[in-house]
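Engineer: Okay, so here is query-v5.tsv, and as you'll see once you scroll down, it has TSV, C-alpha atoms.
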```tsv
chain	number	residue	atom	x	y	z
F	1	MET	CA	0.00	0.00	0.00
F	2	ALA	CA	2.98	2.33	0.51
F	3	GLY	CA	2.93	5.07	-2.04
F	4	ALA	CA	-0.74	4.54	-2.88
F	5	PRO	CA	-2.29	7.83	-3.98
F	6	ASP	CA	-5.23	7.36	-1.65
F	7	ARG	CA	-3.37	6.93	1.62
F	8	PRO	CA	-4.26	9.43	4.37
F	9	ARG	CA	-2.34	12.68	4.47
F	10	ILE	CA	-1.53	14.37	7.77
F	11	GLU	CA	-0.12	17.85	8.09
F	12	PHE	CA	2.76	18.27	10.52
F	13	TRP	CA	2.70	21.88	11.73
F	14	PHE	CA	6.01	22.78	13.32
F	15	ASP	CA	7.90	25.79	14.63
F	16	PHE	CA	11.67	25.62	14.94
F	17	ALA	CA	11.65	27.06	18.48
F	18	SER	CA	9.28	24.31	19.60
F	19	THR	CA	10.94	21.77	21.83
F	20	TYR	CA	8.52	18.87	21.44
F	21	SER	CA	8.68	19.33	17.67
F	22	TYR	CA	12.21	17.90	17.84
F	23	PRO	CA	11.24	14.32	18.77
F	24	ALA	CA	8.14	14.69	16.58
F	25	ALA	CA	10.25	15.58	13.55
F	26	MET	CA	12.75	12.83	14.19
F	27	ARG	CA	10.19	10.04	14.51
F	28	VAL	CA	7.38	11.07	12.17
F	29	ALA	CA	8.84	9.56	8.98
F	30	ASP	CA	9.19	6.09	10.47
F	31	VAL	CA	5.79	6.14	12.17
F	32	ALA	CA	4.09	7.40	9.01
F	33	ALA	CA	5.83	4.81	6.83
F	34	MET	CA	4.75	1.98	9.11
F	35	GLN	CA	1.15	3.23	9.02
F	36	ASP	CA	0.99	4.08	5.29
F	37	VAL	CA	0.33	7.72	6.00
F	38	GLU	CA	1.71	10.66	4.04
F	39	ILE	CA	3.12	13.62	5.97
F	40	ALA	CA	2.98	17.22	4.74
F	41	TRP	CA	5.54	19.41	6.50
F	42	ARG	CA	4.05	22.81	7.37
F	43	PRO	CA	6.54	25.29	8.85
F	44	PHE	CA	4.91	28.22	10.63
F	45	LEU	CA	5.71	30.76	13.33
F	46	LEU	CA	4.26	30.45	16.81
F	47	GLY	CA	5.61	33.85	17.81
F	48	PRO	CA	2.79	35.88	16.21
F	49	ILE	CA	0.18	33.47	17.64
F	50	PHE	CA	1.70	33.77	21.13
F	51	GLY	CA	1.86	37.52	20.51
F	52	ASP	CA	-1.94	37.56	20.09
F	53	LEU	CA	-2.07	36.49	23.77
F	54	GLY	CA	0.39	39.17	24.84
F	55	TRP	CA	3.21	36.65	25.32
F	56	LEU	CA	6.66	37.91	24.43
F	57	THR	CA	8.50	34.63	25.03
F	58	SER	CA	7.86	30.90	25.26
F	59	PRO	CA	5.19	29.75	27.72
F	60	PHE	CA	7.91	27.47	29.09
F	61	ASN	CA	9.74	30.61	30.21
F	62	LEU	CA	6.57	32.32	31.43
F	63	GLN	CA	5.69	29.27	33.58
F	64	PRO	CA	8.89	28.14	35.30
F	65	ALA	CA	7.43	24.91	36.73
F	66	LYS	CA	6.08	23.93	33.32
F	67	GLY	CA	9.42	24.82	31.75
F	68	ALA	CA	11.39	22.72	34.24
F	69	TYR	CA	9.06	19.81	33.57
F	70	MET	CA	9.34	20.20	29.81
F	71	TRP	CA	13.16	20.05	29.84
F	72	ARG	CA	13.11	16.94	32.01
F	73	ASP	CA	10.38	15.37	29.90
F	74	LEU	CA	12.19	16.18	26.66
F	75	ALA	CA	15.38	14.57	28.00
F	76	ARG	CA	13.41	11.45	28.92
F	77	ILE	CA	11.73	11.29	25.51
F	78	CYS	CA	15.03	11.75	23.67
F	79	ALA	CA	16.63	9.01	25.77
F	80	GLU	CA	13.76	6.69	24.89
F	81	LEU	CA	14.10	7.49	21.19
F	82	LYS	CA	17.94	7.34	21.36
F	83	LEU	CA	18.13	10.95	20.18
F	84	PRO	CA	20.98	13.25	21.24
F	85	PHE	CA	19.77	16.03	23.52
F	86	MET	CA	21.34	19.33	24.46
F	87	ARG	CA	19.41	22.26	25.81
F	88	PRO	CA	19.94	25.31	23.58
F	89	ASP	CA	20.95	28.58	25.19
F	90	PRO	CA	19.27	30.98	24.83
F	91	PHE	CA	15.83	29.47	24.68
F	92	PRO	CA	13.70	29.98	22.70
F	93	GLN	CA	15.87	30.19	19.62
F	94	ASN	CA	14.88	32.57	16.82
F	95	GLY	CA	13.67	30.20	14.12
F	96	LEU	CA	12.64	32.78	11.54
F	97	ALA	CA	15.51	32.26	9.08
F	98	ALA	CA	15.22	28.46	9.33
F	99	ALA	CA	11.44	28.65	8.83
F	100	ARG	CA	11.95	30.70	5.68
F	101	VAL	CA	14.40	28.12	4.33
F	102	ALA	CA	12.00	25.31	5.15
F	103	THR	CA	9.21	27.20	3.41
F	104	SER	CA	11.35	27.69	0.31
F	105	LEU	CA	12.29	24.03	-0.01
F	106	PRO	CA	9.90	21.68	-1.81
F	107	ASP	CA	7.99	19.26	0.40
F	108	ASP	CA	9.28	16.24	-1.50
F	109	GLY	CA	11.69	15.10	1.21
F	110	LYS	CA	14.04	18.10	1.08
F	111	ARG	CA	11.97	20.12	3.53
F	112	ALA	CA	11.77	17.17	5.92
F	113	ALA	CA	15.51	16.53	5.67
F	114	PHE	CA	16.27	20.17	6.35
F	115	GLY	CA	13.75	20.27	9.22
F	116	CYS	CA	15.28	17.24	10.90
F	117	ALA	CA	18.79	18.65	10.47
F	118	VAL	CA	17.78	21.96	12.05
F	119	TYR	CA	16.10	20.26	15.01
F	120	ARG	CA	19.07	17.98	15.51
F	121	ALA	CA	21.47	20.94	15.48
F	122	GLU	CA	19.27	22.92	17.86
F	123	PHE	CA	18.24	20.33	20.42
F	124	GLY	CA	20.80	17.60	19.78
F	125	GLU	CA	23.88	19.81	19.62
F	126	GLY	CA	22.72	23.07	21.23
F	127	ALA	CA	23.50	25.08	18.09
F	128	THR	CA	22.14	28.58	17.47
F	129	ILE	CA	19.84	28.15	14.50
F	130	SER	CA	19.53	31.87	13.80
F	131	ASP	CA	23.27	31.83	13.03
F	132	ASN	CA	23.79	32.02	9.28
F	133	ASP	CA	26.85	29.77	9.47
F	134	VAL	CA	24.79	27.05	11.13
F	135	LEU	CA	22.22	27.16	8.33
F	136	VAL	CA	24.98	27.19	5.72
F	137	GLY	CA	26.54	24.11	7.32
F	138	ILE	CA	23.22	22.29	7.38
F	139	LEU	CA	22.46	23.10	3.75
F	140	GLU	CA	25.94	22.00	2.69
F	141	SER	CA	25.58	18.74	4.59
F	142	LEU	CA	22.38	18.13	2.63
F	143	GLY	CA	24.08	18.75	-0.72
F	144	GLN	CA	22.27	22.04	-1.27
F	145	ASP	CA	23.86	25.27	-2.53
F	146	PRO	CA	23.62	27.49	0.58
F	147	THR	CA	24.03	30.75	-1.33
F	148	ARG	CA	21.21	29.97	-3.72
F	149	VAL	CA	18.87	28.56	-1.09
F	150	LEU	CA	19.44	31.37	1.42
F	151	ALA	CA	18.94	34.00	-1.28
F	152	GLU	CA	15.64	32.48	-2.27
F	153	ALA	CA	14.60	32.05	1.37
F	154	SER	CA	15.09	35.75	2.05
F	155	GLY	CA	13.00	36.82	-0.94
F	156	GLN	CA	9.62	38.46	-0.65
F	157	ALA	CA	7.70	35.48	-2.04
F	158	VAL	CA	8.96	33.20	0.72
F	159	LYS	CA	8.36	35.80	3.41
F	160	ASP	CA	4.79	36.17	2.19
F	161	ALA	CA	4.30	32.40	2.01
F	162	LEU	CA	5.48	31.91	5.61
F	163	ARG	CA	3.23	34.73	6.79
F	164	GLN	CA	0.33	33.10	4.97
F	165	THR	CA	1.06	29.70	6.51
F	166	THR	CA	1.09	31.28	9.95
F	167	ASP	CA	-2.27	32.91	9.21
F	168	GLN	CA	-3.58	29.52	8.10
F	169	ALA	CA	-2.38	28.00	11.36
F	170	ARG	CA	-4.23	30.63	13.35
F	171	GLU	CA	-7.38	30.09	11.27
F	172	ALA	CA	-7.12	26.32	11.78
F	173	GLY	CA	-7.13	26.89	15.54
F	174	ILE	CA	-3.49	25.92	15.98
F	175	PHE	CA	-2.02	27.32	19.20
F	176	GLY	CA	1.10	25.21	19.73
F	177	ALA	CA	3.53	22.85	18.07
F	178	PRO	CA	3.79	20.21	16.99
F	179	THR	CA	0.22	20.02	15.74
F	180	TRP	CA	-1.06	17.24	13.53
F	181	ARG	CA	-3.97	18.07	11.21
F	182	THR	CA	-5.99	15.53	9.30
F	183	GLU	CA	-7.67	16.05	5.93
F	184	ASP	CA	-11.05	16.59	7.60
F	185	GLY	CA	-9.63	19.44	9.69
F	186	GLU	CA	-9.20	17.68	13.05
F	187	ILE	CA	-6.17	18.83	14.99
F	188	PHE	CA	-4.12	16.95	17.56
F	189	TRP	CA	-1.62	18.88	19.62
F	190	GLY	CA	1.64	17.40	20.81
F	191	ASN	CA	4.34	14.91	19.92
F	192	ASP	CA	2.48	12.24	21.86
F	193	ARG	CA	-0.68	12.66	19.80
F	194	LEU	CA	0.74	11.63	16.41
F	195	GLU	CA	-0.62	8.11	16.78
F	196	ASP	CA	-4.09	9.48	17.65
F	197	ALA	CA	-4.03	11.66	14.53
F	198	ILE	CA	-3.08	8.68	12.39
F	199	ARG	CA	-5.83	6.54	13.88
F	200	TRP	CA	-8.32	9.34	13.27
F	201	ALA	CA	-7.18	9.73	9.66
F	202	GLN	CA	-7.44	5.99	9.04
F	203	GLN	CA	-10.93	5.73	10.55
F	204	ALA	CA	-12.17	8.75	8.59
F	205	ARG	CA	-11.58	6.95	5.29
K	1	MET	CA	1.28	-10.62	40.85
K	2	ALA	CA	-1.83	-8.51	41.51
K	3	GLY	CA	-1.89	-7.36	45.09
K	4	ALA	CA	1.81	-7.98	45.60
K	5	PRO	CA	3.16	-5.59	48.21
K	6	ASP	CA	6.09	-4.64	46.02
K	7	ARG	CA	4.20	-3.50	42.94
K	8	PRO	CA	4.93	0.06	41.77
K	9	ARG	CA	2.86	2.87	43.23
K	10	ILE	CA	1.92	5.88	41.13
K	11	GLU	CA	0.34	9.03	42.51
K	12	PHE	CA	-2.59	10.43	40.56
K	13	TRP	CA	-2.73	14.16	41.22
K	14	PHE	CA	-6.09	15.56	40.22
K	15	ASP	CA	-8.15	18.72	40.50
K	16	PHE	CA	-11.90	18.53	40.10
K	17	ALA	CA	-12.00	21.49	37.71
K	18	SER	CA	-9.51	19.75	35.41
K	19	THR	CA	-11.09	18.51	32.21
K	20	TYR	CA	-8.52	15.91	31.19
K	21	SER	CA	-8.64	14.49	34.72
K	22	TYR	CA	-12.10	13.15	33.83
K	23	PRO	CA	-10.98	10.51	31.32
K	24	ALA	CA	-7.88	9.93	33.44
K	25	ALA	CA	-9.96	9.15	36.51
K	26	MET	CA	-12.34	6.92	34.58
K	27	ARG	CA	-9.66	4.76	32.99
K	28	VAL	CA	-6.88	4.68	35.58
K	29	ALA	CA	-8.22	1.77	37.63
K	30	ASP	CA	-8.42	-0.58	34.65
K	31	VAL	CA	-5.05	0.44	33.24
K	32	ALA	CA	-3.36	0.11	36.62
K	33	ALA	CA	-4.94	-3.28	37.28
K	34	MET	CA	-3.76	-4.61	33.92
K	35	GLN	CA	-0.23	-3.40	34.64
K	36	ASP	CA	-0.06	-4.43	38.31
K	37	VAL	CA	0.41	-0.87	39.46
K	38	GLU	CA	-1.08	0.69	42.58
K	39	ILE	CA	-2.65	4.14	42.29
K	40	ALA	CA	-2.68	6.71	45.11
K	41	TRP	CA	-5.37	9.36	44.59
K	42	ARG	CA	-4.05	12.80	45.48
K	43	PRO	CA	-6.68	15.56	45.35
K	44	PHE	CA	-5.22	19.08	45.22
K	45	LEU	CA	-6.19	22.55	44.07
K	46	LEU	CA	-4.77	24.02	40.88
K	47	GLY	CA	-6.31	27.43	41.64
K	48	PRO	CA	-3.57	28.56	44.04
K	49	ILE	CA	-0.88	27.27	41.66
K	50	PHE	CA	-2.44	29.13	38.74
K	51	GLY	CA	-2.78	32.11	41.08
K	52	ASP	CA	1.02	32.14	41.53
K	53	LEU	CA	1.14	32.98	37.79
K	54	GLY	CA	-1.46	35.72	38.11
K	55	TRP	CA	-4.14	33.60	36.43
K	56	LEU	CA	-7.64	34.10	37.77
K	57	THR	CA	-9.33	31.43	35.65
K	58	SER	CA	-8.52	28.31	33.65
K	59	PRO	CA	-5.82	28.62	30.98
K	60	PHE	CA	-8.44	27.16	28.63
K	61	ASN	CA	-10.44	30.35	29.15
K	62	LEU	CA	-7.36	32.59	28.96
K	63	GLN	CA	-6.36	31.00	25.62
K	64	PRO	CA	-9.53	30.66	23.52
K	65	ALA	CA	-7.92	28.61	20.73
K	66	LYS	CA	-6.49	26.18	23.26
K	67	GLY	CA	-9.85	26.04	25.02
K	68	ALA	CA	-11.74	25.30	21.81
K	69	TYR	CA	-9.26	22.56	21.01
K	70	MET	CA	-9.51	21.07	24.50
K	71	TRP	CA	-13.32	20.76	24.36
K	72	ARG	CA	-13.15	19.09	20.95
K	73	ASP	CA	-10.33	16.83	22.08
K	74	LEU	CA	-12.11	15.89	25.29
K	75	ALA	CA	-15.24	14.97	23.31
K	76	ARG	CA	-13.13	12.76	21.01
K	77	ILE	CA	-11.40	11.08	23.94
K	78	CYS	CA	-14.69	10.44	25.74
K	79	ALA	CA	-16.19	8.97	22.55
K	80	GLU	CA	-13.19	6.66	22.23
K	81	LEU	CA	-13.53	5.56	25.86
K	82	LYS	CA	-17.36	5.32	25.59
K	83	LEU	CA	-17.71	7.90	28.36
K	84	PRO	CA	-20.68	10.28	28.50
K	85	PHE	CA	-19.64	13.86	27.85
K	86	MET	CA	-21.39	17.14	28.60
K	87	ARG	CA	-19.60	20.45	28.86
K	88	PRO	CA	-20.25	22.02	32.29
K	89	ASP	CA	-21.46	25.61	32.43
K	90	PRO	CA	-19.90	27.63	33.92
K	91	PHE	CA	-16.38	26.39	33.38
K	92	PRO	CA	-14.25	26.00	35.39
K	93	GLN	CA	-16.38	24.59	38.16
K	94	ASN	CA	-15.48	25.36	41.76
K	95	GLY	CA	-14.11	22.05	43.00
K	96	LEU	CA	-13.17	23.11	46.53
K	97	ALA	CA	-15.98	21.33	48.39
K	98	ALA	CA	-15.51	18.15	46.35
K	99	ALA	CA	-11.75	18.26	46.91
K	100	ARG	CA	-12.31	18.51	50.66
K	101	VAL	CA	-14.61	15.49	50.57
K	102	ALA	CA	-12.08	13.52	48.53
K	103	THR	CA	-9.37	14.49	51.01
K	104	SER	CA	-11.49	13.32	53.92
K	105	LEU	CA	-12.24	9.91	52.43
K	106	PRO	CA	-9.72	7.11	52.90
K	107	ASP	CA	-7.72	6.15	49.83
K	108	ASP	CA	-8.83	2.53	50.02
K	109	GLY	CA	-11.23	2.71	47.08
K	110	LYS	CA	-13.71	5.17	48.60
K	111	ARG	CA	-11.76	8.21	47.45
K	112	ALA	CA	-11.46	6.79	43.93
K	113	ALA	CA	-15.16	5.93	43.79
K	114	PHE	CA	-16.10	9.42	44.95
K	115	GLY	CA	-13.64	10.99	42.52
K	116	CYS	CA	-15.03	9.08	39.56
K	117	ALA	CA	-18.60	9.94	40.57
K	118	VAL	CA	-17.79	13.65	40.79
K	119	TYR	CA	-16.06	13.66	37.41
K	120	ARG	CA	-18.93	11.75	35.83
K	121	ALA	CA	-21.47	14.22	37.25
K	122	GLU	CA	-19.41	17.20	36.16
K	123	PHE	CA	-18.28	16.21	32.67
K	124	GLY	CA	-20.68	13.39	31.89
K	125	GLU	CA	-23.88	15.11	33.05
K	126	GLY	CA	-22.90	18.78	33.22
K	127	ALA	CA	-23.74	19.00	36.94
K	128	THR	CA	-22.53	21.83	39.18
K	129	ILE	CA	-20.18	20.13	41.61
K	130	SER	CA	-20.04	23.07	44.00
K	131	ASP	CA	-23.77	22.47	44.63
K	132	ASN	CA	-24.23	20.80	48.00
K	133	ASP	CA	-27.19	18.77	46.70
K	134	VAL	CA	-25.02	17.30	43.96
K	135	LEU	CA	-22.43	16.18	46.50
K	136	VAL	CA	-25.14	14.79	48.79
K	137	GLY	CA	-26.57	12.81	45.88
K	138	ILE	CA	-23.17	11.41	44.98
K	139	LEU	CA	-22.39	10.40	48.55
K	140	GLU	CA	-25.80	8.75	48.92
K	141	SER	CA	-25.30	6.85	45.67
K	142	LEU	CA	-22.05	5.52	47.14
K	143	GLY	CA	-23.74	4.38	50.35
K	144	GLN	CA	-22.08	7.05	52.45
K	145	ASP	CA	-23.81	9.20	55.09
K	146	PRO	CA	-23.74	12.66	53.46
K	147	THR	CA	-24.27	14.57	56.69
K	148	ARG	CA	-21.39	12.88	58.44
K	149	VAL	CA	-19.02	13.03	55.47
K	150	LEU	CA	-19.76	16.67	54.63
K	151	ALA	CA	-19.36	17.69	58.27
K	152	GLU	CA	-15.97	16.04	58.45
K	153	ALA	CA	-14.96	17.48	55.06
K	154	SER	CA	-15.64	21.01	56.25
K	155	GLY	CA	-13.55	20.60	59.39
K	156	GLN	CA	-10.25	22.36	59.96
K	157	ALA	CA	-8.18	19.17	59.78
K	158	VAL	CA	-9.37	18.45	56.25
K	159	LYS	CA	-8.95	22.07	55.15
K	160	ASP	CA	-5.38	21.96	56.45
K	161	ALA	CA	-4.70	18.61	54.79
K	162	LEU	CA	-5.90	19.86	51.40
K	163	ARG	CA	-3.81	23.00	51.73
K	164	GLN	CA	-0.81	20.84	52.60
K	165	THR	CA	-1.39	18.57	49.60
K	166	THR	CA	-1.56	21.61	47.34
K	167	ASP	CA	1.73	22.85	48.80
K	168	GLN	CA	3.23	19.41	48.16
K	169	ALA	CA	2.05	19.59	44.56
K	170	ARG	CA	3.75	22.94	44.11
K	171	GLU	CA	6.95	21.61	45.71
K	172	ALA	CA	6.87	18.56	43.44
K	173	GLY	CA	6.80	20.87	40.42
K	174	ILE	CA	3.20	20.03	39.53
K	175	PHE	CA	1.62	22.75	37.38
K	176	GLY	CA	-1.40	21.01	35.85
K	177	ALA	CA	-3.69	18.02	36.12
K	178	PRO	CA	-3.80	15.17	35.80
K	179	THR	CA	-0.21	14.60	36.85
K	180	TRP	CA	1.24	11.15	37.47
K	181	ARG	CA	4.13	10.91	39.93
K	182	THR	CA	6.31	7.86	40.41
K	183	GLU	CA	8.00	6.77	43.63
K	184	ASP	CA	11.32	8.22	42.46
K	185	GLY	CA	9.74	11.65	41.99
K	186	GLU	CA	9.35	11.71	38.19
K	187	ILE	CA	6.24	13.51	37.00
K	188	PHE	CA	4.25	12.99	33.83
K	189	TRP	CA	1.62	15.55	32.93
K	190	GLY	CA	-1.57	14.66	31.13
K	191	ASN	CA	-4.14	11.92	30.68
K	192	ASP	CA	-2.18	10.61	27.71
K	193	ARG	CA	0.99	10.13	29.76
K	194	LEU	CA	-0.33	7.54	32.22
K	195	GLU	CA	1.19	4.72	30.21
K	196	ASP	CA	4.58	6.50	30.15
K	197	ALA	CA	4.47	6.90	33.93
K	198	ILE	CA	3.68	3.22	34.36
K	199	ARG	CA	6.51	2.20	32.05
K	200	TRP	CA	8.88	4.48	33.97
K	201	ALA	CA	7.78	3.03	37.31
K	202	GLN	CA	8.23	-0.52	36.05
K	203	GLN	CA	11.69	0.15	34.63
K	204	ALA	CA	12.82	1.90	37.82
K	205	ARG	CA	12.41	-1.30	39.82
```
Rewrite the structure from the file as structure tokens, please.

Structural biologist:
Amino acid sequence: MAGAPDRPRIEFWFDFASTYSYPAAMRVADVAAMQDVEIAWRPFLLGPIFGDLGWLTSPFNLQPAKGAYMWRDLARICAELKLPFMRPDPFPQNGLAAARVATSLPDDGKRAAFGCAVYRAEFGEGATISDNDVLVGILESLGQDPTRVLAEASGQAVKDALRQTTDQAREAGIFGAPTWRTEDGEIFWGNDRLEDAIRWAQQAR
Amino acid sequence: MAGAPDRPRIEFWFDFASTYSYPAAMRVADVAAMQDVEIAWRPFLLGPIFGDLGWLTSPFNLQPAKGAYMWRDLARICAELKLPFMRPDPFPQNGLAAARVATSLPDDGKRAAFGCAVYRAEFGEGATISDNDVLVGILESLGQDPTRVLAEASGQAVKDALRQTTDQAREAGIFGAPTWRTEDGEIFWGNDRLEDAIRWAQQAR
């Protein structure tokens, strides 16, 4: 059934500052392959959506107890998945440049590969993903031409596309990341809800 | 192995205004029994912990998109678990009186039975759990003497015990409900993390 045109399609809405999007990004391809589900990678920005609430930083910084829990929980989850983990400093990272690159790349595997590489650099190695050199290194490691990709990513068309995706997220009721969205518009929030989204998508067909 | 004195013990920290604590309460006994885990029911109040953050109501009211998602998600979860679901109005309910009753009841099955009955009334039937008649009806249905139980629950010893439990929650880093806490102090937040807490508790032994 793999590759069948009629298999369910689930949107993976992610923000590069989002901590739980790291394990989500790293495991989604395998889970989706095992379940014959197609994943559409949708980079967006949580910052403007948090800004609607008057928040100027991550809720994990605004709620210290929740933040302390999240870092512990993320370490546990990464250990379980055998993923490297290093807490980035500062947190949250500015993911704007990376989100523009992700937006500019086609969603035919290149966007997913770039997304995973960014998350691994950020939360696996503690790299600063707003640093141009970091993005250049990631693009080079993926066999892309950094100069060409970064030029396109900083163009007006990509800026507009990312803004539009963020507006779509808001309209879809998305308030956090990762969020999984099925073809019938149901959303499931959180790394640990991927399997629920898949089950929903399979039952809806 | 069931009933063995050395089986893992997991604390179930719940607040009666907490929506996701409803499915958690209704399913925890079966899940724990299947996994040979003992559950300790720990009623506490989230209100003072939210108050530390300056919040005067539920975060689901403070964040409308998150609130809309939560109600939809709760309905889906209840449908999956074949639990009745009715959204209480107003939300959040004032769970103080019910939390005092739960605190006063011994944790030998009576507290769990009362807890499940309160959650079912609140989120299954839309009842107002701060209403004394509702609590009387629940206690009667459980074969308890409402007058005696409610008198004890409104005594200073129970008030102090509930305040102490809430302080313990804060000290344990608990910031939401339901929260599962293992004997080695690990916490797992959310209905959907019960299985992770159980796995952790089993591996820790």

Engineer: Find the residues near Trp13 in chain F: any atom within 6 Å, counting only C-alpha atoms, skip ones fewer than 4 places away on the same chain, and give them as a short mmCIF file (atom, residue, chain, number, x, y, z; two decimals) with C-alpha atoms, keeping the file's coordinate frame.

Structural biologist:
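As a result, out-v6.cif now contains:
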```cif
data_model
loop_
_atom_site.label_atom_id
_atom_site.label_comp_id
_atom_site.auth_asym_id
_atom_site.auth_seq_id
_atom_site.Cartn_x
_atom_site.Cartn_y
_atom_site.Cartn_z
CA ARG F 42 4.05 22.81 7.37
CA PRO F 43 6.54 25.29 8.85
CA PRO F 178 3.79 20.21 16.99
CA THR F 179 0.22 20.02 15.74
#
```

Engineer: Show me the residues around (-7.1, 37.7, 16.9) - criterion: an atom at most 10 Å away, all atoms listed in the file counted - as number ranges by chain.

Structural biologist: F: 49, 51-53, 170-171; K: 64-65

Engineer: CA of Asp6 in chain K and CA of Gly185 in chain K, how far apart in Å?

Structural biologist: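 Rounded to one decimal, the two atoms are 17.2 Å apart.
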
Engineer: Measuring atom to atom with all atoms listed in the file, identify which of F:Ala201, F:Ile187, F:Leu81, F:Cys116 is nearest to chain K.

Structural biologist: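 Among F:Ala201, F:Ile187, F:Leu81, F:Cys116, it is F:Ile187 that comes nearest to chain K.
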
Engineer: Hey, what's within 8 Å of Ala102 in chain F if we count all atoms listed in the file and toss same-chain stuff fewer than 4 positions away? As a PyMOL selection string, please?

Structural biologist: chain F and resi 43+98+111+114-115

Engineer: Could you save the residues just selected, with C-alpha atoms, as a JSON list (two decimals), keeping the file's coordinate frame?

Structural biologist:
```json
[["chain", "number", "residue", "atom", "x", "y", "z"],
["F", 43, "PRO", "CA", 6.54, 25.29, 8.85],
["F", 98, "ALA", "CA", 15.22, 28.46, 9.33],
["F", 111, "ARG", "CA", 11.97, 20.12, 3.53],
["F", 114, "PHE", "CA", 16.27, 20.17, 6.35],
["F", 115, "GLY", "CA", 13.75, 20.27, 9.22]]
```

Engineer: Would you kindly identify which residues have an atom no farther than 12 Å from (-11.4, 9.6, 33.8), using only C-alpha atoms and the file's own coordinates, and write them out as a compact mmCIF listing (two decimals) with C-alpha atoms, in the frame of the given file?

Structural biologist:
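For reference, out_33.txt as written:
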```
# COMPACT_ATOMS: atom_id res chain seq x y z
CA PHE K 12 -2.59 10.43 40.56
CA PHE K 14 -6.09 15.56 40.22
CA ASP K 15 -8.15 18.72 40.50
CA PHE K 16 -11.90 18.53 40.10
CA SER K 18 -9.51 19.75 35.41
CA THR K 19 -11.09 18.51 32.21
CA TYR K 20 -8.52 15.91 31.19
CA SER K 21 -8.64 14.49 34.72
CA TYR K 22 -12.10 13.15 33.83
CA PRO K 23 -10.98 10.51 31.32
CA ALA K 24 -7.88 9.93 33.44
CA ALA K 25 -9.96 9.15 36.51
CA MET K 26 -12.34 6.92 34.58
CA ARG K 27 -9.66 4.76 32.99
CA VAL K 28 -6.88 4.68 35.58
CA ALA K 29 -8.22 1.77 37.63
CA ASP K 30 -8.42 -0.58 34.65
CA VAL K 31 -5.05 0.44 33.24
CA LEU K 74 -12.11 15.89 25.29
CA ILE K 77 -11.40 11.08 23.94
CA CYS K 78 -14.69 10.44 25.74
CA LEU K 81 -13.53 5.56 25.86
CA LYS K 82 -17.36 5.32 25.59
CA LEU K 83 -17.71 7.90 28.36
CA PRO K 84 -20.68 10.28 28.50
CA PHE K 85 -19.64 13.86 27.85
CA ALA K 112 -11.46 6.79 43.93
CA ALA K 113 -15.16 5.93 43.79
CA GLY K 115 -13.64 10.99 42.52
CA CYS K 116 -15.03 9.08 39.56
CA ALA K 117 -18.60 9.94 40.57
CA VAL K 118 -17.79 13.65 40.79
CA TYR K 119 -16.06 13.66 37.41
CA ARG K 120 -18.93 11.75 35.83
CA ALA K 121 -21.47 14.22 37.25
CA GLU K 122 -19.41 17.20 36.16
CA PHE K 123 -18.28 16.21 32.67
CA GLY K 124 -20.68 13.39 31.89
CA ALA K 177 -3.69 18.02 36.12
CA PRO K 178 -3.80 15.17 35.80
CA GLY K 190 -1.57 14.66 31.13
CA ASN K 191 -4.14 11.92 30.68
CA ASP K 192 -2.18 10.61 27.71
CA LEU K 194 -0.33 7.54 32.22
```

Engineer: Compile the contact shell of Thr147 in chain F as number ranges by chain: residues with an atom at most 12 Å away, counting all atoms listed in the file, same-chain residues fewer than 6 positions apart removed.

Structural biologist: F: 101, 132-133, 135-137, 139-140, 153-154

Engineer: Quick one: contact table of chain K to chain F, 7 Å max, nearest atom pair and distance in Å to one decimal per residue, counting all atoms listed in the file, chain and number order, as CSV?

Structural biologist:
```
residue,atom,partner,partner_atom,distance
K:Ala65,CA,F:Gly173,CA,5.5
K:Lys66,CA,F:Phe175,CA,6.1
K:Gly173,CA,F:Ala65,CA,5.5
K:Phe175,CA,F:Lys66,CA,6.1
```

Engineer: Compile the contact shell of Pro90 in chain K as a list in words: residues with an atom at most 12 Å away, counting all atoms listed in the file, same-chain residues fewer than 2 positions apart removed.

Structural biologist: Ala17, Thr57, Ser58, Asn61, Met86, Arg87, Pro88, Pro92, Gln93, Asn94, Glu122, Phe123, Gly126, Ala127, Thr128, Ile129 and Ser130 of chain K

Engineer: Set up a box along x, y and z of the file covering all listed atoms of range 74-80 of chain K, add 6 Å on every one of the six sides, and write the centre and edge lengths in Å to one decimal, as JSON.

Structural biologist:
```
{"center_x": -13.8, "center_y": 11.3, "center_z": 23.4, "size_x": 16.8, "size_y": 21.2, "size_z": 16.7}
```

Engineer: F:Gly143, F:Gly155, F:Pro106, F:Gly95: which is nearest Leu45 in chain F, counting all atoms listed in the file?

Structural biologist: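 Closest to Leu45 in chain F of all the choices is F:Gly95.
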
Engineer: Between F:Arg148, F:Arg199, F:Arg100, F:Lys110, which is the closest to Ala32 in chain F once you count all atoms listed in the file?

Structural biologist: F:Arg199

Engineer: Using all atoms listed in the file, find the one residue out of F:Glu152, F:Asp107, F:Asp89, F:Asp145 that sits nearest to Glu38 in chain F.

Structural biologist: F:Asp107

Engineer: Figure out the distance between CA of Thr103 in chain F and CA of Val37 in chain F, please, to one decimal in Å.

Structural biologist: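 Taking CA of Val37 in chain F and CA of Thr103 in chain F, their separation equals 21.6 Å.
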
Engineer: Between CA of Thr166 in chain F and CA of Glu125 in chain F, what distance in Å does the model show, to one decimal?

Structural biologist: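 Going from CA of Thr166 in chain F over to CA of Glu125 in chain F covers 27.3 Å.
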